[in-house]
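As provided, run_36.txt (compact mmCIF, N, CA and C atoms) reads as follows.
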# COMPACT_ATOMS: atom_id res chain seq x y z
N MET A 39 89.06 144.98 81.44
CA MET A 39 89.59 145.31 82.75
C MET A 39 91.11 145.47 82.62
N ASN A 40 91.56 146.42 83.35
CA ASN A 40 92.99 146.69 83.42
C ASN A 40 93.68 145.58 84.21
N ARG A 41 94.96 145.33 83.94
CA ARG A 41 95.65 144.27 84.68
C ARG A 41 95.80 144.64 86.15
N TRP A 42 95.90 145.92 86.46
CA TRP A 42 96.01 146.34 87.86
C TRP A 42 94.70 146.11 88.60
N VAL A 43 93.61 146.27 87.93
CA VAL A 43 92.31 146.00 88.54
C VAL A 43 92.19 144.51 88.84
N ARG A 44 92.61 143.68 87.88
CA ARG A 44 92.56 142.23 88.10
C ARG A 44 93.46 141.82 89.26
N ILE A 45 94.65 142.40 89.32
CA ILE A 45 95.57 142.09 90.43
C ILE A 45 94.96 142.54 91.75
N GLY A 46 94.37 143.73 91.77
CA GLY A 46 93.73 144.24 92.99
C GLY A 46 92.58 143.35 93.43
N LEU A 47 91.75 142.93 92.46
CA LEU A 47 90.64 142.04 92.81
C LEU A 47 91.15 140.69 93.32
N ALA A 48 92.20 140.17 92.72
CA ALA A 48 92.77 138.90 93.18
C ALA A 48 93.30 139.02 94.61
N ILE A 49 93.95 140.13 94.89
CA ILE A 49 94.45 140.35 96.25
C ILE A 49 93.30 140.46 97.24
N LEU A 50 92.24 141.19 96.87
CA LEU A 50 91.09 141.31 97.76
C LEU A 50 90.42 139.97 98.01
N VAL A 51 90.26 139.16 96.96
CA VAL A 51 89.65 137.84 97.12
C VAL A 51 90.52 136.96 98.02
N LEU A 52 91.83 137.00 97.80
CA LEU A 52 92.73 136.21 98.65
C LEU A 52 92.69 136.68 100.11
N ALA A 53 92.60 137.98 100.32
CA ALA A 53 92.53 138.50 101.69
C ALA A 53 91.24 138.05 102.37
N ILE A 54 90.12 138.10 101.63
CA ILE A 54 88.84 137.67 102.20
C ILE A 54 88.87 136.17 102.51
N LEU A 55 89.41 135.38 101.59
CA LEU A 55 89.51 133.93 101.83
C LEU A 55 90.43 133.62 103.01
N ALA A 56 91.51 134.37 103.14
CA ALA A 56 92.42 134.17 104.27
C ALA A 56 91.72 134.51 105.58
N ARG A 57 90.95 135.59 105.57
CA ARG A 57 90.23 135.97 106.80
C ARG A 57 89.21 134.91 107.20
N VAL A 58 88.45 134.41 106.24
CA VAL A 58 87.47 133.36 106.52
C VAL A 58 88.16 132.09 106.99
N GLY A 59 89.26 131.73 106.32
CA GLY A 59 90.01 130.54 106.72
C GLY A 59 90.56 130.65 108.13
N LEU A 60 91.11 131.80 108.46
CA LEU A 60 91.63 131.99 109.82
C LEU A 60 90.52 131.99 110.85
N ALA A 61 89.35 132.52 110.50
CA ALA A 61 88.22 132.49 111.44
C ALA A 61 87.80 131.05 111.71
N ILE A 62 87.73 130.24 110.65
CA ILE A 62 87.37 128.82 110.84
C ILE A 62 88.44 128.11 111.66
N PHE A 63 89.70 128.40 111.37
CA PHE A 63 90.80 127.80 112.13
C PHE A 63 90.73 128.19 113.61
N THR A 64 90.41 129.45 113.88
CA THR A 64 90.30 129.92 115.27
C THR A 64 89.16 129.20 115.99
N ILE A 65 88.05 129.03 115.33
CA ILE A 65 86.92 128.31 115.95
C ILE A 65 87.31 126.87 116.23
N GLY A 66 87.97 126.23 115.28
CA GLY A 66 88.43 124.86 115.48
C GLY A 66 89.41 124.75 116.63
N LEU A 67 90.32 125.70 116.73
CA LEU A 67 91.29 125.70 117.82
C LEU A 67 90.61 125.89 119.17
N ARG A 68 89.60 126.74 119.22
CA ARG A 68 88.87 126.93 120.48
C ARG A 68 88.13 125.66 120.89
N VAL A 69 87.57 124.96 119.92
CA VAL A 69 86.88 123.70 120.23
C VAL A 69 87.88 122.67 120.78
N VAL A 70 89.04 122.59 120.14
CA VAL A 70 90.06 121.64 120.61
C VAL A 70 90.52 122.01 122.01
N LEU A 71 90.76 123.28 122.26
CA LEU A 71 91.19 123.71 123.59
C LEU A 71 90.10 123.46 124.63
N MET A 72 88.84 123.60 124.23
CA MET A 72 87.75 123.35 125.16
C MET A 72 87.66 121.86 125.51
N LEU A 73 87.93 121.00 124.53
CA LEU A 73 87.83 119.56 124.75
C LEU A 73 89.12 118.95 125.28
N PHE A 74 90.20 119.71 125.37
CA PHE A 74 91.49 119.18 125.80
C PHE A 74 91.44 118.52 127.18
N PRO A 75 90.80 119.13 128.20
CA PRO A 75 90.72 118.45 129.50
C PRO A 75 89.98 117.11 129.41
N LEU A 76 88.97 117.04 128.59
CA LEU A 76 88.25 115.78 128.41
C LEU A 76 89.15 114.73 127.77
N VAL A 77 89.95 115.13 126.81
CA VAL A 77 90.88 114.19 126.17
C VAL A 77 91.90 113.69 127.17
N ILE A 78 92.38 114.56 128.04
CA ILE A 78 93.33 114.15 129.07
C ILE A 78 92.67 113.16 130.02
N LEU A 79 91.43 113.41 130.43
CA LEU A 79 90.74 112.49 131.33
C LEU A 79 90.51 111.13 130.67
N VAL A 80 90.15 111.12 129.40
CA VAL A 80 89.94 109.86 128.70
C VAL A 80 91.25 109.09 128.61
N GLY A 81 92.34 109.77 128.29
CA GLY A 81 93.65 109.12 128.23
C GLY A 81 94.06 108.55 129.58
N ALA A 82 93.85 109.31 130.64
CA ALA A 82 94.18 108.81 131.97
C ALA A 82 93.30 107.62 132.34
N GLY A 83 92.05 107.65 131.93
CA GLY A 83 91.16 106.52 132.18
C GLY A 83 91.63 105.26 131.49
N PHE A 84 92.09 105.38 130.24
CA PHE A 84 92.63 104.22 129.54
C PHE A 84 93.87 103.67 130.23
N VAL A 85 94.73 104.54 130.74
CA VAL A 85 95.92 104.09 131.45
C VAL A 85 95.53 103.32 132.70
N VAL A 86 94.61 103.87 133.49
CA VAL A 86 94.19 103.22 134.72
C VAL A 86 93.51 101.88 134.42
N TYR A 87 92.65 101.85 133.41
CA TYR A 87 91.97 100.62 133.04
C TYR A 87 92.97 99.56 132.55
N GLY A 88 93.96 99.98 131.79
CA GLY A 88 94.98 99.05 131.32
C GLY A 88 95.79 98.48 132.47
N LEU A 89 96.16 99.32 133.43
CA LEU A 89 96.89 98.82 134.60
C LEU A 89 96.03 97.86 135.41
N TYR A 90 94.76 98.18 135.57
CA TYR A 90 93.85 97.31 136.31
C TYR A 90 93.75 95.94 135.66
N ARG A 91 93.57 95.92 134.34
CA ARG A 91 93.48 94.63 133.64
C ARG A 91 94.79 93.86 133.74
N HIS A 92 95.92 94.58 133.65
CA HIS A 92 97.21 93.92 133.75
C HIS A 92 97.38 93.27 135.12
N TRP A 93 97.05 93.99 136.19
CA TRP A 93 97.21 93.45 137.53
C TRP A 93 96.25 92.29 137.78
N ARG A 94 95.02 92.41 137.28
CA ARG A 94 94.06 91.30 137.43
C ARG A 94 94.55 90.05 136.71
N ARG A 95 95.10 90.23 135.52
CA ARG A 95 95.59 89.07 134.75
C ARG A 95 96.78 88.43 135.44
N ARG A 96 97.69 89.23 135.97
CA ARG A 96 98.83 88.66 136.70
C ARG A 96 98.37 87.93 137.94
N ALA A 97 97.38 88.49 138.65
CA ALA A 97 96.87 87.83 139.85
C ALA A 97 96.19 86.51 139.47
N ALA A 98 95.46 86.49 138.38
CA ALA A 98 94.80 85.26 137.94
C ALA A 98 95.83 84.21 137.55
N LEU A 99 96.89 84.62 136.88
CA LEU A 99 97.94 83.66 136.52
C LEU A 99 98.63 83.11 137.75
N ARG A 100 98.88 83.96 138.74
CA ARG A 100 99.51 83.49 139.98
C ARG A 100 98.60 82.51 140.71
N GLU A 101 97.30 82.84 140.78
CA GLU A 101 96.36 81.93 141.44
C GLU A 101 96.31 80.59 140.74
N ARG A 102 96.35 80.60 139.41
CA ARG A 102 96.31 79.36 138.66
C ARG A 102 97.57 78.53 138.91
N GLU A 103 98.72 79.20 139.01
CA GLU A 103 99.96 78.47 139.29
C GLU A 103 99.90 77.81 140.67
N TYR A 104 99.44 78.55 141.67
CA TYR A 104 99.34 77.97 143.01
C TYR A 104 98.31 76.86 143.06
N TYR A 105 97.21 77.06 142.34
CA TYR A 105 96.16 76.04 142.32
C TYR A 105 96.69 74.75 141.70
N ASP A 106 97.45 74.88 140.61
CA ASP A 106 98.01 73.69 139.97
C ASP A 106 98.98 72.96 140.89
N MET A 107 99.76 73.72 141.65
CA MET A 107 100.71 73.10 142.56
C MET A 107 99.99 72.34 143.67
N LEU A 108 98.88 72.88 144.16
CA LEU A 108 98.17 72.23 145.26
C LEU A 108 97.26 71.12 144.76
N ASP A 109 96.97 71.10 143.47
CA ASP A 109 96.03 70.12 142.94
C ASP A 109 96.65 68.75 142.79
N ASP A 110 97.97 68.65 142.75
CA ASP A 110 98.63 67.35 142.56
C ASP A 110 98.29 66.43 143.63

As structure tokens, what does this structure read like?
Amino acid sequence: MNRWVRIGLAILVLAILARVGLAIFTIGLRVVLMLFPLVILVGAGFVVYGLYRHWRRRAALREREYYDMLDD
């Protein structure tokens, strides 16, 4: 084989691999974009749940402090 033929074949193989790689990347990006609203909702849910637990814990600590004061 001529060196130009080998170079041409290498370029063709690289172009085909690049096309396949970009197609897979595009599919992955579409999946991520499709799931993005769900990820936002899950993140917001964790924030709300964390705030709820924080407020409940503070309320429980306050109740315990008042209970101890009245228990004497």

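Put simply, atom CA of A:Val86 is 29.5 Å away from atom CA of A:Gly66.
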
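Interatomic distance, atom N of A:Arg41 against atom N of A:Ala53: 18.1 Å.
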
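Taking atom CA of A:Phe63 and atom CA of A:Ala82 as the two end points, the separation is 27.7 Å.
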
Any chance you could build stretch 45-56 of chain A out to all heavy atoms and write it as a PDB file, in the frame of the given file?
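Okay, out24.pdb is ready:
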ATOM      1  N   ILE A  45      94.650 142.400  89.320  1.00  0.00           N
ATOM      2  CA  ILE A  45      95.570 142.090  90.430  1.00  0.00           C
ATOM      3  C   ILE A  45      94.960 142.540  91.750  1.00  0.00           C
ATOM      4  O   ILE A  45      95.011 141.818  92.762  1.00  0.00           O
ATOM      5  CB  ILE A  45      96.949 142.740  90.186  1.00  0.00           C
ATOM      6  CG1 ILE A  45      97.663 142.051  89.016  1.00  0.00           C
ATOM      7  CG2 ILE A  45      97.813 142.648  91.441  1.00  0.00           C
ATOM      8  CD1 ILE A  45      98.958 142.729  88.596  1.00  0.00           C
ATOM      9  N   GLY A  46      94.370 143.730  91.770  1.00  0.00           N
ATOM     10  CA  GLY A  46      93.730 144.240  92.990  1.00  0.00           C
ATOM     11  C   GLY A  46      92.580 143.350  93.430  1.00  0.00           C
ATOM     12  O   GLY A  46      92.428 143.047  94.621  1.00  0.00           O
ATOM     13  N   LEU A  47      91.750 142.930  92.460  1.00  0.00           N
ATOM     14  CA  LEU A  47      90.640 142.040  92.810  1.00  0.00           C
ATOM     15  C   LEU A  47      91.150 140.690  93.320  1.00  0.00           C
ATOM     16  O   LEU A  47      90.588 140.128  94.262  1.00  0.00           O
ATOM     17  CB  LEU A  47      89.732 141.844  91.586  1.00  0.00           C
ATOM     18  CG  LEU A  47      88.850 143.026  91.216  1.00  0.00           C
ATOM     19  CD1 LEU A  47      88.104 142.741  89.917  1.00  0.00           C
ATOM     20  CD2 LEU A  47      87.880 143.329  92.337  1.00  0.00           C
ATOM     21  N   ALA A  48      92.200 140.170  92.720  1.00  0.00           N
ATOM     22  CA  ALA A  48      92.770 138.900  93.180  1.00  0.00           C
ATOM     23  C   ALA A  48      93.300 139.020  94.610  1.00  0.00           C
ATOM     24  O   ALA A  48      93.085 138.134  95.444  1.00  0.00           O
ATOM     25  CB  ALA A  48      93.888 138.453  92.230  1.00  0.00           C
ATOM     26  N   ILE A  49      93.950 140.130  94.890  1.00  0.00           N
ATOM     27  CA  ILE A  49      94.450 140.350  96.250  1.00  0.00           C
ATOM     28  C   ILE A  49      93.300 140.460  97.240  1.00  0.00           C
ATOM     29  O   ILE A  49      93.356 139.906  98.346  1.00  0.00           O
ATOM     30  CB  ILE A  49      95.358 141.602  96.291  1.00  0.00           C
ATOM     31  CG1 ILE A  49      96.659 141.312  95.535  1.00  0.00           C
ATOM     32  CG2 ILE A  49      95.651 142.019  97.721  1.00  0.00           C
ATOM     33  CD1 ILE A  49      97.549 142.522  95.361  1.00  0.00           C
ATOM     34  N   LEU A  50      92.240 141.190  96.870  1.00  0.00           N
ATOM     35  CA  LEU A  50      91.090 141.310  97.760  1.00  0.00           C
ATOM     36  C   LEU A  50      90.420 139.970  98.010  1.00  0.00           C
ATOM     37  O   LEU A  50      90.053 139.644  99.146  1.00  0.00           O
ATOM     38  CB  LEU A  50      90.068 142.290  97.169  1.00  0.00           C
ATOM     39  CG  LEU A  50      90.434 143.766  97.241  1.00  0.00           C
ATOM     40  CD1 LEU A  50      89.403 144.611  96.490  1.00  0.00           C
ATOM     41  CD2 LEU A  50      90.534 144.207  98.683  1.00  0.00           C
ATOM     42  N   VAL A  51      90.260 139.160  96.960  1.00  0.00           N
ATOM     43  CA  VAL A  51      89.650 137.840  97.120  1.00  0.00           C
ATOM     44  C   VAL A  51      90.520 136.960  98.020  1.00  0.00           C
ATOM     45  O   VAL A  51      90.009 136.269  98.904  1.00  0.00           O
ATOM     46  CB  VAL A  51      89.417 137.182  95.744  1.00  0.00           C
ATOM     47  CG1 VAL A  51      89.075 135.716  95.882  1.00  0.00           C
ATOM     48  CG2 VAL A  51      88.320 137.918  94.993  1.00  0.00           C
ATOM     49  N   LEU A  52      91.830 137.000  97.800  1.00  0.00           N
ATOM     50  CA  LEU A  52      92.730 136.210  98.650  1.00  0.00           C
ATOM     51  C   LEU A  52      92.690 136.680 100.110  1.00  0.00           C
ATOM     52  O   LEU A  52      92.723 135.853 101.036  1.00  0.00           O
ATOM     53  CB  LEU A  52      94.159 136.275  98.116  1.00  0.00           C
ATOM     54  CG  LEU A  52      94.425 135.484  96.841  1.00  0.00           C
ATOM     55  CD1 LEU A  52      95.838 135.739  96.344  1.00  0.00           C
ATOM     56  CD2 LEU A  52      94.218 134.001  97.100  1.00  0.00           C
ATOM     57  N   ALA A  53      92.600 137.980 100.320  1.00  0.00           N
ATOM     58  CA  ALA A  53      92.530 138.500 101.690  1.00  0.00           C
ATOM     59  C   ALA A  53      91.240 138.050 102.370  1.00  0.00           C
ATOM     60  O   ALA A  53      91.242 137.660 103.544  1.00  0.00           O
ATOM     61  CB  ALA A  53      92.638 140.016 101.680  1.00  0.00           C
ATOM     62  N   ILE A  54      90.120 138.100 101.630  1.00  0.00           N
ATOM     63  CA  ILE A  54      88.840 137.670 102.200  1.00  0.00           C
ATOM     64  C   ILE A  54      88.870 136.170 102.510  1.00  0.00           C
ATOM     65  O   ILE A  54      88.425 135.736 103.586  1.00  0.00           O
ATOM     66  CB  ILE A  54      87.681 138.029 101.262  1.00  0.00           C
ATOM     67  CG1 ILE A  54      87.490 139.552 101.227  1.00  0.00           C
ATOM     68  CG2 ILE A  54      86.386 137.357 101.689  1.00  0.00           C
ATOM     69  CD1 ILE A  54      86.547 140.044 100.142  1.00  0.00           C
ATOM     70  N   LEU A  55      89.410 135.380 101.590  1.00  0.00           N
ATOM     71  CA  LEU A  55      89.510 133.930 101.830  1.00  0.00           C
ATOM     72  C   LEU A  55      90.430 133.620 103.010  1.00  0.00           C
ATOM     73  O   LEU A  55      90.140 132.732 103.816  1.00  0.00           O
ATOM     74  CB  LEU A  55      90.006 133.224 100.573  1.00  0.00           C
ATOM     75  CG  LEU A  55      89.011 133.113  99.428  1.00  0.00           C
ATOM     76  CD1 LEU A  55      89.681 132.490  98.210  1.00  0.00           C
ATOM     77  CD2 LEU A  55      87.800 132.293  99.853  1.00  0.00           C
ATOM     78  N   ALA A  56      91.510 134.370 103.140  1.00  0.00           N
ATOM     79  CA  ALA A  56      92.420 134.170 104.270  1.00  0.00           C
ATOM     80  C   ALA A  56      91.720 134.510 105.580  1.00  0.00           C
ATOM     81  O   ALA A  56      91.875 133.801 106.581  1.00  0.00           O
ATOM     82  CB  ALA A  56      93.675 135.014 104.093  1.00  0.00           C
TER      83      ALA A  56
END
